[in-house]
Amino acid sequence: MLDERQRMAGEIHDTLAQGLTGIITQLQAATQAREGGEWQRHIDNATRLARESLAEARRSVHAVAPGPLESARLPDALAEVASAWSNLHGVRADLTTTGTVRPMHPEVEVTVLRTAQEALANVAKHAEATRVGLTLSYMDDLVTLDVRDDGAGFDPERAKDGGGFGLTSMRRRVSRLAGTLEIESEPGAGTAISASLPAILRENPSA
């Protein structure tokens, strides 16, 4: 019961909370751009975010895989997430994949995807970055995701025992699968988040 409660808390944060934050941001931007096409663009973005958040929330309730993973491999799903985030926030986000791509256990892929989404959400909220780089690496016994930005950075020591629900959720997700999450940052020097997970292969790759 506790495990399911934690899962739902994480899913609510990763879907509803992030979606609502994005909607608020777009509506605030719309009020500042009352004239011209920019106003309509922000309204359209807010509407799209609302629909996507609702769909993801429904998937979370039924423990269904996130939309981007439903019909795409993990690298393609991450590329879709990065591209959508970049278009929404006007910040360049590049994905690099290394190693031999192979289907991982669904829990591993969901954890990697959610970690990427949360890391990008944190960049949008706090970093004031101009560029983000994501690297997905397939190794013999590990799958790793590195997210680096050139933004404002912060003091990791202050975030060790807290850092908000986002960092806590990322750590919890990764640790549930016996993985590790490392954060490197300093004020004015950007932030790097690295998640390492066991490379557990999917039992039925065609599923």
# chains A, B, ... in the order shown; residues from 1 in each chain; ligands from 1
>>> residues_around(residues="range 99-110 of chain A", least_positions_apart="4", cutoff="8 Å", atoms="only C-alpha atoms", output="VMD selection string")
chain A and resid 65 to 66 69 73 to 74 114 137 to 139 177 197 to 203 205
>>> residues_around(residues="Gly190 in chain A", least_positions_apart="4", cutoff="10 Å", atoms="only C-alpha atoms", output="number ranges by chain")
A: 123, 127-129, 132, 148-154, 184-186
>>> write_last_selection(atoms="N, CA, C and O atoms", output="PDB file, in the first residue's frame")
ATOM      1  N   VAL A 123      14.795  22.690 -15.013  1.00  0.00           N
ATOM      2  CA  VAL A 123      15.528  23.667 -15.822  1.00  0.00           C
ATOM      3  C   VAL A 123      14.621  24.838 -16.172  1.00  0.00           C
ATOM      4  O   VAL A 123      15.010  26.004 -16.060  1.00  0.00           O
ATOM      5  N   ALA A 127      16.552  27.323 -13.852  1.00  0.00           N
ATOM      6  CA  ALA A 127      17.926  27.437 -14.364  1.00  0.00           C
ATOM      7  C   ALA A 127      18.211  28.680 -15.189  1.00  0.00           C
ATOM      8  O   ALA A 127      19.338  29.151 -15.231  1.00  0.00           O
ATOM      9  N   GLU A 128      17.196  29.189 -15.912  1.00  0.00           N
ATOM     10  CA  GLU A 128      17.424  30.282 -16.869  1.00  0.00           C
ATOM     11  C   GLU A 128      18.527  29.889 -17.844  1.00  0.00           C
ATOM     12  O   GLU A 128      19.425  30.683 -18.163  1.00  0.00           O
ATOM     13  N   ALA A 129      18.459  28.667 -18.325  1.00  0.00           N
ATOM     14  CA  ALA A 129      19.490  28.138 -19.220  1.00  0.00           C
ATOM     15  C   ALA A 129      19.217  28.536 -20.665  1.00  0.00           C
ATOM     16  O   ALA A 129      18.096  28.898 -21.037  1.00  0.00           O
ATOM     17  N   VAL A 132      20.342  22.806 -23.157  1.00  0.00           N
ATOM     18  CA  VAL A 132      20.296  21.597 -22.340  1.00  0.00           C
ATOM     19  C   VAL A 132      20.753  20.419 -23.194  1.00  0.00           C
ATOM     20  O   VAL A 132      20.364  20.310 -24.361  1.00  0.00           O
ATOM     21  N   ARG A 148      22.333  17.878 -18.622  1.00  0.00           N
ATOM     22  CA  ARG A 148      23.201  19.008 -18.249  1.00  0.00           C
ATOM     23  C   ARG A 148      22.647  20.303 -18.845  1.00  0.00           C
ATOM     24  O   ARG A 148      22.189  20.323 -19.983  1.00  0.00           O
ATOM     25  N   ASP A 149      22.710  21.367 -18.053  1.00  0.00           N
ATOM     26  CA  ASP A 149      22.288  22.671 -18.559  1.00  0.00           C
ATOM     27  C   ASP A 149      23.356  23.711 -18.249  1.00  0.00           C
ATOM     28  O   ASP A 149      24.232  23.498 -17.408  1.00  0.00           O
ATOM     29  N   ASP A 150      23.287  24.832 -18.942  1.00  0.00           N
ATOM     30  CA  ASP A 150      24.259  25.910 -18.744  1.00  0.00           C
ATOM     31  C   ASP A 150      23.650  27.057 -17.944  1.00  0.00           C
ATOM     32  O   ASP A 150      24.032  28.215 -18.123  1.00  0.00           O
ATOM     33  N   GLY A 151      22.726  26.717 -17.070  1.00  0.00           N
ATOM     34  CA  GLY A 151      21.984  27.747 -16.344  1.00  0.00           C
ATOM     35  C   GLY A 151      22.628  28.241 -15.069  1.00  0.00           C
ATOM     36  O   GLY A 151      23.847  28.135 -14.874  1.00  0.00           O
ATOM     37  N   ALA A 152      21.768  28.743 -14.176  1.00  0.00           N
ATOM     38  CA  ALA A 152      22.235  29.450 -12.986  1.00  0.00           C
ATOM     39  C   ALA A 152      22.887  28.545 -11.958  1.00  0.00           C
ATOM     40  O   ALA A 152      23.729  28.991 -11.180  1.00  0.00           O
ATOM     41  N   GLY A 153      22.522  27.259 -11.932  1.00  0.00           N
ATOM     42  CA  GLY A 153      23.090  26.354 -10.941  1.00  0.00           C
ATOM     43  C   GLY A 153      22.566  26.639  -9.541  1.00  0.00           C
ATOM     44  O   GLY A 153      21.784  27.564  -9.315  1.00  0.00           O
ATOM     45  N   PHE A 154      23.017  25.811  -8.573  1.00  0.00           N
ATOM     46  CA  PHE A 154      22.616  25.991  -7.179  1.00  0.00           C
ATOM     47  C   PHE A 154      23.604  25.251  -6.296  1.00  0.00           C
ATOM     48  O   PHE A 154      24.534  24.598  -6.785  1.00  0.00           O
ATOM     49  N   GLU A 184      25.298  17.316  -9.710  1.00  0.00           N
ATOM     50  CA  GLU A 184      26.462  18.195  -9.633  1.00  0.00           C
ATOM     51  C   GLU A 184      26.039  19.593 -10.077  1.00  0.00           C
ATOM     52  O   GLU A 184      25.457  19.752 -11.142  1.00  0.00           O
ATOM     53  N   SER A 185      26.333  20.568  -9.245  1.00  0.00           N
ATOM     54  CA  SER A 185      25.959  21.935  -9.586  1.00  0.00           C
ATOM     55  C   SER A 185      26.713  22.907  -8.698  1.00  0.00           C
ATOM     56  O   SER A 185      27.192  22.538  -7.621  1.00  0.00           O
ATOM     57  N   GLU A 186      26.806  24.106  -9.160  1.00  0.00           N
ATOM     58  CA  GLU A 186      27.300  25.208  -8.334  1.00  0.00           C
ATOM     59  C   GLU A 186      26.759  26.497  -8.910  1.00  0.00           C
ATOM     60  O   GLU A 186      26.494  26.588 -10.117  1.00  0.00           O
TER      61      GLU A 186
END
>>> residues_around(residues="range 142-146 of chain A", least_positions_apart="6", cutoff="6 Å", atoms="only C-alpha atoms", output="PDB file with N, CA, C and O atoms, in the first residue's frame")
ATOM      1  N   LEU A 134      20.953  16.205 -23.234  1.00  0.00           N
ATOM      2  CA  LEU A 134      20.564  14.929 -22.629  1.00  0.00           C
ATOM      3  C   LEU A 134      21.359  13.817 -23.300  1.00  0.00           C
ATOM      4  O   LEU A 134      21.455  13.780 -24.536  1.00  0.00           O
ATOM      5  N   THR A 135      21.909  12.917 -22.500  1.00  0.00           N
ATOM      6  CA  THR A 135      22.658  11.780 -23.038  1.00  0.00           C
ATOM      7  C   THR A 135      22.101  10.494 -22.449  1.00  0.00           C
ATOM      8  O   THR A 135      22.090  10.314 -21.230  1.00  0.00           O
ATOM      9  N   LEU A 136      21.637   9.616 -23.331  1.00  0.00           N
ATOM     10  CA  LEU A 136      21.137   8.301 -22.932  1.00  0.00           C
ATOM     11  C   LEU A 136      22.187   7.277 -23.335  1.00  0.00           C
ATOM     12  O   LEU A 136      22.533   7.172 -24.514  1.00  0.00           O
ATOM     13  N   ILE A 193      22.606  16.319 -13.870  1.00  0.00           N
ATOM     14  CA  ILE A 193      21.913  15.248 -13.160  1.00  0.00           C
ATOM     15  C   ILE A 193      22.187  13.941 -13.878  1.00  0.00           C
ATOM     16  O   ILE A 193      22.044  13.860 -15.110  1.00  0.00           O
ATOM     17  N   SER A 194      22.609  12.932 -13.130  1.00  0.00           N
ATOM     18  CA  SER A 194      22.937  11.643 -13.727  1.00  0.00           C
ATOM     19  C   SER A 194      22.191  10.537 -12.998  1.00  0.00           C
ATOM     20  O   SER A 194      22.331  10.371 -11.788  1.00  0.00           O
ATOM     21  N   ALA A 195      21.383   9.796 -13.748  1.00  0.00           N
ATOM     22  CA  ALA A 195      20.647   8.656 -13.197  1.00  0.00           C
ATOM     23  C   ALA A 195      21.194   7.379 -13.820  1.00  0.00           C
ATOM     24  O   ALA A 195      21.294   7.275 -15.049  1.00  0.00           O
ATOM     25  N   SER A 196      21.555   6.407 -12.977  1.00  0.00           N
ATOM     26  CA  SER A 196      22.064   5.114 -13.440  1.00  0.00           C
ATOM     27  C   SER A 196      21.145   4.012 -12.944  1.00  0.00           C
ATOM     28  O   SER A 196      20.846   3.937 -11.750  1.00  0.00           O
ATOM     29  N   LEU A 197      20.708   3.169 -13.863  1.00  0.00           N
ATOM     30  CA  LEU A 197      19.775   2.107 -13.543  1.00  0.00           C
ATOM     31  C   LEU A 197      20.286   0.773 -14.085  1.00  0.00           C
ATOM     32  O   LEU A 197      20.975   0.744 -15.105  1.00  0.00           O
ATOM     33  N   PRO A 198      19.943  -0.335 -13.419  1.00  0.00           N
ATOM     34  CA  PRO A 198      20.347  -1.639 -13.930  1.00  0.00           C
ATOM     35  C   PRO A 198      19.727  -1.882 -15.310  1.00  0.00           C
ATOM     36  O   PRO A 198      18.567  -1.566 -15.538  1.00  0.00           O
ATOM     37  N   ALA A 199      20.524  -2.437 -16.208  1.00  0.00           N
ATOM     38  CA  ALA A 199      20.050  -2.700 -17.580  1.00  0.00           C
ATOM     39  C   ALA A 199      19.273  -4.008 -17.592  1.00  0.00           C
ATOM     40  O   ALA A 199      19.749  -5.050 -18.049  1.00  0.00           O
TER      41      ALA A 199
END
>>> residues_around(residues="Trp39 in chain A", least_positions_apart="6", cutoff="9 Å", atoms="only C-alpha atoms", output="PyMOL selection string")
chain A and resi 27+29-33
>>> write_last_selection(atoms="all heavy atoms", output="compact mmCIF listing (two decimals), in the first residue's frame")
# COMPACT_ATOMS: atom_id res chain seq x y z
N LEU A 27 -0.22 30.89 -19.50
CA LEU A 27 -1.27 31.90 -19.33
C LEU A 27 -0.70 33.23 -18.85
O LEU A 27 -1.15 34.30 -19.25
CB LEU A 27 -2.33 31.39 -18.35
CG LEU A 27 -3.17 30.21 -18.85
CD1 LEU A 27 -4.14 29.74 -17.77
CD2 LEU A 27 -3.94 30.59 -20.11
N ALA A 29 2.29 34.28 -19.57
CA ALA A 29 2.94 34.85 -20.75
C ALA A 29 1.90 35.46 -21.70
O ALA A 29 2.15 36.49 -22.34
CB ALA A 29 3.75 33.77 -21.48
N ALA A 30 0.73 34.82 -21.77
CA ALA A 30 -0.32 35.34 -22.65
C ALA A 30 -0.80 36.71 -22.19
O ALA A 30 -1.09 37.58 -23.01
CB ALA A 30 -1.48 34.36 -22.71
N THR A 31 -0.91 36.89 -20.87
CA THR A 31 -1.38 38.18 -20.36
C THR A 31 -0.36 39.29 -20.64
O THR A 31 -0.72 40.46 -20.69
CB THR A 31 -1.65 38.11 -18.85
OG1 THR A 31 -0.44 37.79 -18.17
CG2 THR A 31 -2.70 37.06 -18.55
N GLN A 32 0.90 38.91 -20.81
CA GLN A 32 1.95 39.89 -21.11
C GLN A 32 2.08 40.15 -22.60
O GLN A 32 2.82 41.03 -23.02
CB GLN A 32 3.28 39.42 -20.53
CG GLN A 32 3.27 39.29 -19.02
CD GLN A 32 4.53 38.65 -18.48
OE1 GLN A 32 5.47 38.35 -19.22
NE2 GLN A 32 4.57 38.42 -17.18
N ALA A 33 1.39 39.35 -23.41
CA ALA A 33 1.46 39.51 -24.87
C ALA A 33 0.04 39.59 -25.42
O ALA A 33 -0.41 38.73 -26.16
CB ALA A 33 2.22 38.35 -25.49
>>> residues_around(residues="Ser86 in chain A", least_positions_apart="2", cutoff="12 Å", atoms="only C-alpha atoms", output="PyMOL selection string")
chain A and resi 79-84+88-95+117+120-121+123-124+129-133
>>> write_last_selection(atoms="N, CA and C atoms", output="PDB file, in the first residue's frame")
ATOM      1  N   ALA A  79      13.452  11.824 -27.262  1.00  0.00           N
ATOM      2  CA  ALA A  79      13.602  12.868 -28.281  1.00  0.00           C
ATOM      3  C   ALA A  79      12.311  13.664 -28.426  1.00  0.00           C
ATOM      4  N   GLU A  80      11.172  12.971 -28.358  1.00  0.00           N
ATOM      5  CA  GLU A  80       9.876  13.641 -28.435  1.00  0.00           C
ATOM      6  C   GLU A  80       9.674  14.575 -27.251  1.00  0.00           C
ATOM      7  N   VAL A  81      10.013  14.101 -26.052  1.00  0.00           N
ATOM      8  CA  VAL A  81       9.872  14.916 -24.847  1.00  0.00           C
ATOM      9  C   VAL A  81      10.777  16.148 -24.923  1.00  0.00           C
ATOM     10  N   ALA A  82      12.018  15.945 -25.333  1.00  0.00           N
ATOM     11  CA  ALA A  82      12.976  17.061 -25.415  1.00  0.00           C
ATOM     12  C   ALA A  82      12.535  18.087 -26.449  1.00  0.00           C
ATOM     13  N   SER A  83      12.043  17.608 -27.600  1.00  0.00           N
ATOM     14  CA  SER A  83      11.611  18.519 -28.656  1.00  0.00           C
ATOM     15  C   SER A  83      10.402  19.336 -28.219  1.00  0.00           C
ATOM     16  N   ALA A  84       9.430  18.676 -27.586  1.00  0.00           N
ATOM     17  CA  ALA A  84       8.238  19.389 -27.122  1.00  0.00           C
ATOM     18  C   ALA A  84       8.605  20.420 -26.061  1.00  0.00           C
ATOM     19  N   LEU A  88       8.282  24.535 -26.358  1.00  0.00           N
ATOM     20  CA  LEU A  88       7.447  25.233 -25.377  1.00  0.00           C
ATOM     21  C   LEU A  88       8.205  26.366 -24.692  1.00  0.00           C
ATOM     22  N   HIS A  89       9.465  26.113 -24.357  1.00  0.00           N
ATOM     23  CA  HIS A  89      10.224  27.078 -23.550  1.00  0.00           C
ATOM     24  C   HIS A  89      11.245  27.891 -24.346  1.00  0.00           C
ATOM     25  N   GLY A  90      11.421  27.565 -25.612  1.00  0.00           N
ATOM     26  CA  GLY A  90      12.356  28.329 -26.428  1.00  0.00           C
ATOM     27  C   GLY A  90      13.807  28.142 -26.031  1.00  0.00           C
ATOM     28  N   VAL A  91      14.129  26.986 -25.475  1.00  0.00           N
ATOM     29  CA  VAL A  91      15.500  26.666 -25.065  1.00  0.00           C
ATOM     30  C   VAL A  91      15.939  25.424 -25.824  1.00  0.00           C
ATOM     31  N   ARG A  92      17.122  25.464 -26.396  1.00  0.00           N
ATOM     32  CA  ARG A  92      17.604  24.323 -27.171  1.00  0.00           C
ATOM     33  C   ARG A  92      17.850  23.121 -26.266  1.00  0.00           C
ATOM     34  N   ALA A  93      17.364  21.953 -26.690  1.00  0.00           N
ATOM     35  CA  ALA A  93      17.570  20.708 -25.943  1.00  0.00           C
ATOM     36  C   ALA A  93      17.951  19.615 -26.927  1.00  0.00           C
ATOM     37  N   ASP A  94      19.155  19.072 -26.784  1.00  0.00           N
ATOM     38  CA  ASP A  94      19.669  18.061 -27.705  1.00  0.00           C
ATOM     39  C   ASP A  94      19.806  16.721 -26.989  1.00  0.00           C
ATOM     40  N   LEU A  95      19.423  15.654 -27.681  1.00  0.00           N
ATOM     41  CA  LEU A  95      19.552  14.302 -27.144  1.00  0.00           C
ATOM     42  C   LEU A  95      20.605  13.536 -27.913  1.00  0.00           C
ATOM     43  N   GLN A 117      11.884  14.144 -17.730  1.00  0.00           N
ATOM     44  CA  GLN A 117      10.826  15.156 -17.657  1.00  0.00           C
ATOM     45  C   GLN A 117      10.993  16.056 -16.441  1.00  0.00           C
ATOM     46  N   LEU A 120      14.027  18.391 -16.889  1.00  0.00           N
ATOM     47  CA  LEU A 120      13.701  19.491 -17.798  1.00  0.00           C
ATOM     48  C   LEU A 120      12.750  20.488 -17.139  1.00  0.00           C
ATOM     49  N   ALA A 121      11.810  19.982 -16.341  1.00  0.00           N
ATOM     50  CA  ALA A 121      10.894  20.884 -15.627  1.00  0.00           C
ATOM     51  C   ALA A 121      11.671  21.777 -14.668  1.00  0.00           C
ATOM     52  N   VAL A 123      14.795  22.690 -15.013  1.00  0.00           N
ATOM     53  CA  VAL A 123      15.528  23.667 -15.822  1.00  0.00           C
ATOM     54  C   VAL A 123      14.621  24.838 -16.172  1.00  0.00           C
ATOM     55  N   ALA A 124      13.399  24.526 -16.587  1.00  0.00           N
ATOM     56  CA  ALA A 124      12.463  25.588 -16.978  1.00  0.00           C
ATOM     57  C   ALA A 124      12.115  26.499 -15.802  1.00  0.00           C
ATOM     58  N   ALA A 129      18.459  28.667 -18.325  1.00  0.00           N
ATOM     59  CA  ALA A 129      19.490  28.138 -19.220  1.00  0.00           C
ATOM     60  C   ALA A 129      19.217  28.536 -20.665  1.00  0.00           C
ATOM     61  N   THR A 130      20.259  28.459 -21.490  1.00  0.00           N
ATOM     62  CA  THR A 130      20.121  28.697 -22.932  1.00  0.00           C
ATOM     63  C   THR A 130      20.291  27.409 -23.723  1.00  0.00           C
ATOM     64  N   ARG A 131      20.743  26.349 -23.036  1.00  0.00           N
ATOM     65  CA  ARG A 131      20.944  25.082 -23.729  1.00  0.00           C
ATOM     66  C   ARG A 131      20.929  23.931 -22.729  1.00  0.00           C
ATOM     67  N   VAL A 132      20.342  22.806 -23.157  1.00  0.00           N
ATOM     68  CA  VAL A 132      20.296  21.597 -22.340  1.00  0.00           C
ATOM     69  C   VAL A 132      20.753  20.419 -23.194  1.00  0.00           C
ATOM     70  N   GLY A 133      21.571  19.569 -22.610  1.00  0.00           N
ATOM     71  CA  GLY A 133      22.011  18.372 -23.307  1.00  0.00           C
ATOM     72  C   GLY A 133      21.596  17.129 -22.543  1.00  0.00           C
TER      73      GLY A 133
END
>>> closest_residue(among="A:Gln28, A:Thr115, A:Gln40, A:Asn204", to="Gly166 in chain A", atoms="only C-alpha atoms")
A:Thr115
